Amino acid sequence: MTTVETSPSTDDARVDALIDELLAAHPPQTTPPQEFLGAQFDAGLAWVHFAIGDGGLDLPASLQRHINARLQEAGAPNAWVFNPIGHGMCGPTVEVWGTPAQKQRYLRPLFTGEEVWCQLFSEPTSGSDFAGLSSRGIRDGDEWTVNGQKVWTTLAHRSRWGLLVVRTDPEAVKHAGLTAFVVDMHAPGVEVRPLYQITGEAEFNEVFFTDVKIPDAERLGNPGDGWRVSLTTLMNERVSIGGTTPPKGSGPIADLVDAWQKLPTDRRSAADLDQVMRLWIRAELLRLTNIRASQNRRKGDPGPEGSIGKAAMAELNKDIYSTAVDLLGAEGMLFGPYERKRPDRAMAFDTIQKSFLRSRANSIEGGTTEVMKNILAERVLGLPGDVRVDRDVPWSKVPRN
Ligand SMILES: Cc1cc2nc3c(=O)[nH]c(=O)nc-3n(C[C@H](O)[C@H](O)[C@H](O)COP(=O)(O)OP(=O)(O)OC[C@H]3O[C@@H](n4cnc5c(N)ncnc54)[C@H](O)[C@@H]3O)c2cc1C
């Protein structure tokens, strides 16, 4: 008689068994969030495509959506909420570029939210043209000395660690002279100042570096690899911001449907209903496109489709909240006390009015919609690129303000 194999034989079954075990041993309703997230990391269910021991199982990234959906359904905490920049961008970058010691040190407390991370890329004169940045890193034996300024640094005021890119070779062409580091945000010479947004909150900051010492062991990649390291971060950023696949009808579109349903019948017009329906269809199209993209994605850097999802999400969110504020009528103009505060969380969309104001930033943060369209045009459609006059010139010879 043939013995029937009853143990999990597919990736899906294996993951499902691990989820069952995790939920049974750590019921989300009674386990403190950090403890649950630590157990999720140890089970390899944090970033399932990461290596075993790094919070993953070396399985296809597309399985993560299933894991997240099951955990969410069971009421488990969401790691992204505690540490959005760390979870979506810095963790994946450390996994690809970090040394074994860096992965061991950083990934678990990053995932549990015990150590918040920030991304120190943009500078006052280098946002879209991030490769043109000016902050300097100079090597001195086993350490580097960093001077310069970063800007728009989300949650820098809460961060323990930062993913920093600086110029280490001004005589190389701009993309070649950059190096990436993990920087201690509590190190002497790091100063974080708030920048207040249209909502009244300072989710982001200016960060000044004055003779900050960084051990060479905290370098990510080789000297000169900074651009390639950054591409890992930026591609993950676009997927993190625009590539999520929430349940059907949830997220911003749920806010719009809710606003419509709360309208008194005498204020409901056929034209408004038509607009709500159009947006609902766009939201569903984006959700399905993201599901397809995530299923196509395999271990490694996500491709340009992350940029497309990011651009589509930004425009959709802005249109959804514009319509929602219109539906509110005069009430849409009322927005709290504009209390100036430095929040613990970024991207908290609580009221429609605040979400309307905050969504304006969606087409700027993580790369502007214009730049996403350039990527789509050049890398997907194969159209001629932008005219670039600085590509073959040493950075030090490029004219700048
Ligand atoms: C809410 C928020 C949070 C952020 N968080 C972070 C963070 O944590 N870390 C970080 O490093 N940065 C962060 N940023 C910065 C963000 O990445 C930059 O704002 C963005 O890349 C644009 O750069 P910029 O602001 O310098 O604008 P610029 O690059 O000066 O662009 C100005 C205008 O020119 C257009 N433009 C520029 N180049 C081109 C081109 N080649 N073709 C067509 N149009 C072009 C742009 O689309 C834009 O409309 C954040 C920004 C926001 C709004």
# chains A, B, ... in the order shown; residues from 1 in each chain; ligands from 1

$ residues_around --residues "Leu279 in chain A" --least-positions-apart "3" --cutoff "9 Å" --atoms "only C-alpha atoms" --output "ChimeraX atom specification"
/A:253,256,274-276,282-284,316,319-320

$ select_by_dssp --residues "range 113-282 of chain A" --states "alpha helix (DSSP H)" --output "JSON, numbers by chain"
{"A": [226, 227, 228, 229, 230, 231, 232, 233, 234, 235, 236, 237, 238, 239, 240, 241, 242, 252, 253, 254, 255, 256, 257, 258, 259, 260, 261, 262, 270, 271, 272, 273, 274, 275, 276, 277, 278, 279, 280, 281, 282]}

$ residues_near_ligand --ligand "ligand 1" --cutoff "7 Å" --atoms "only C-alpha atoms and all ligand atoms" --output "MDAnalysis selection string"
chainID A and resid 85 118:129 151:154 204 361:362 364:371 374 386

$ atom_distance --atom1 "CA of Glu218 in chain A" --atom2 "CA of Glu115 in chain A"
16.2 Å

$ closest_residue --among "A:Gln261, A:Thr232, A:Ser159, A:Gln72" --to "Val207 in chain A" --atoms "only C-alpha atoms"
A:Ser159

$ select_by_dssp --residues "range 92-324 of chain A" --states "strand (DSSP E or B)" --output "number ranges by chain"
A: 117-120, 123, 126, 136-140, 143-151, 161-167, 173, 178-184, 190-195, 201, 204-215, 219-220

$ closest_residue --among "A:Asp326, A:Arg139, A:Ala76, A:His175" --to "Arg268 in chain A" --atoms "only C-alpha atoms"
A:Asp326

$ closest_residue --among "A:Pro170, A:Gly385, A:Pro264, A:Gly148" --to "Asp211 in chain A" --atoms "only C-alpha atoms"
A:Gly148

$ residues_around --residues "His49 in chain A" --least-positions-apart "2" --cutoff "12 Å" --atoms "only C-alpha atoms" --output "NGL selection string"
:A and (11 or 15 or 44-47 or 51-65 or 67 or 92 or 95-96 or 297-301)

$ write_last_selection --atoms "N, CA and C atoms" --output "compact mmCIF listing (two decimals), in the first residue's frame"
# COMPACT_ATOMS: atom_id res chain seq x y z
N ASP A 11 4.84 25.47 -0.98
CA ASP A 11 5.21 26.68 -0.24
C ASP A 11 4.00 27.24 0.52
N VAL A 15 3.73 27.75 4.55
CA VAL A 15 3.50 29.06 5.16
C VAL A 15 2.24 29.05 6.00
N GLY A 44 10.08 33.48 10.34
CA GLY A 44 10.40 33.70 8.92
C GLY A 44 9.24 34.30 8.14
N LEU A 45 8.28 34.89 8.88
CA LEU A 45 7.08 35.42 8.22
C LEU A 45 7.09 36.95 8.17
N ALA A 46 8.27 37.55 8.44
CA ALA A 46 8.35 39.02 8.42
C ALA A 46 8.46 39.52 6.98
N TRP A 47 9.50 39.09 6.30
CA TRP A 47 9.68 39.35 4.86
C TRP A 47 10.01 37.96 4.28
N ALA A 51 16.36 35.83 3.50
CA ALA A 51 17.02 34.56 3.84
C ALA A 51 16.52 34.04 5.19
N ILE A 52 16.67 32.74 5.39
CA ILE A 52 16.32 32.13 6.68
C ILE A 52 17.24 32.73 7.74
N GLY A 53 16.65 33.15 8.86
CA GLY A 53 17.43 33.80 9.92
C GLY A 53 17.34 35.32 9.85
N ASP A 54 16.94 35.84 8.67
CA ASP A 54 16.82 37.30 8.51
C ASP A 54 15.36 37.73 8.54
N GLY A 55 14.48 36.87 9.05
CA GLY A 55 13.05 37.19 9.07
C GLY A 55 12.32 36.60 7.88
N GLY A 56 13.01 35.77 7.10
CA GLY A 56 12.38 35.18 5.91
C GLY A 56 12.56 33.69 5.82
N LEU A 57 12.07 33.14 4.70
CA LEU A 57 12.15 31.70 4.46
C LEU A 57 12.73 31.40 3.08
N ASP A 58 13.25 32.46 2.41
CA ASP A 58 13.80 32.28 1.08
C ASP A 58 12.73 31.81 0.09
N LEU A 59 11.52 32.28 0.27
CA LEU A 59 10.40 31.88 -0.60
C LEU A 59 9.97 33.08 -1.45
N PRO A 60 9.15 32.88 -2.49
CA PRO A 60 8.74 34.00 -3.34
C PRO A 60 8.05 35.12 -2.54
N ALA A 61 8.41 36.37 -2.91
CA ALA A 61 7.86 37.54 -2.20
C ALA A 61 6.34 37.60 -2.30
N SER A 62 5.79 37.03 -3.38
CA SER A 62 4.33 37.13 -3.57
C SER A 62 3.56 36.45 -2.43
N LEU A 63 4.20 35.54 -1.69
CA LEU A 63 3.51 34.88 -0.57
C LEU A 63 3.23 35.84 0.59
N GLN A 64 3.98 36.95 0.63
CA GLN A 64 3.83 37.86 1.77
C GLN A 64 2.41 38.44 1.85
N ARG A 65 1.81 38.66 0.69
CA ARG A 65 0.47 39.23 0.67
C ARG A 65 -0.52 38.31 1.40
N ILE A 67 0.31 36.06 3.67
CA ILE A 67 0.66 36.07 5.10
C ILE A 67 0.04 37.29 5.77
N PRO A 92 14.65 46.03 3.53
CA PRO A 92 15.02 45.38 2.27
C PRO A 92 16.40 45.79 1.77
N GLU A 95 18.98 43.92 3.82
CA GLU A 95 19.00 42.50 3.44
C GLU A 95 19.84 42.27 2.17
N VAL A 96 19.74 43.20 1.23
CA VAL A 96 20.48 43.02 -0.04
C VAL A 96 21.95 43.42 0.12
N ARG A 297 6.41 39.44 -9.31
CA ARG A 297 7.70 39.77 -8.71
C ARG A 297 8.34 38.55 -8.09
N ARG A 298 9.60 38.45 -8.24
CA ARG A 298 10.32 37.34 -7.61
C ARG A 298 11.36 37.94 -6.68
N LYS A 299 12.03 37.12 -5.98
CA LYS A 299 13.07 37.58 -5.05
C LYS A 299 14.00 38.57 -5.76
N GLY A 300 14.44 39.60 -5.05
CA GLY A 300 15.36 40.57 -5.64
C GLY A 300 14.68 41.91 -5.80
N ASP A 301 15.33 42.81 -6.56
CA ASP A 301 14.80 44.16 -6.71
C ASP A 301 13.51 44.15 -7.53

$ residues_around --residues "Asp344 in chain A" --least-positions-apart "3" --cutoff "12 Å" --atoms "only C-alpha atoms" --output "ChimeraX atom specification"
/A:81-84,113,116,154-159,201-204,341,347-348

$ closest_residue --among "A:Arg358, A:His26, A:Ala17, A:Ser363" --to "Ala346 in chain A" --atoms "only C-alpha atoms"
A:Arg358

$ residues_around --residues "Asn317 in chain A" --least-positions-apart "5" --cutoff "9 Å" --atoms "only C-alpha atoms" --output "list in words"
Pro252, Ile253, Ala283, Ala312, Ser322, Ser355, Phe356, Ser359, Arg360 and Asn362 of chain A

$ residues_around --residues "Thr233 in chain A" --least-positions-apart "6" --cutoff "7 Å" --atoms "only C-alpha atoms" --output "PyMOL selection string"
chain A and resi 89-90+93
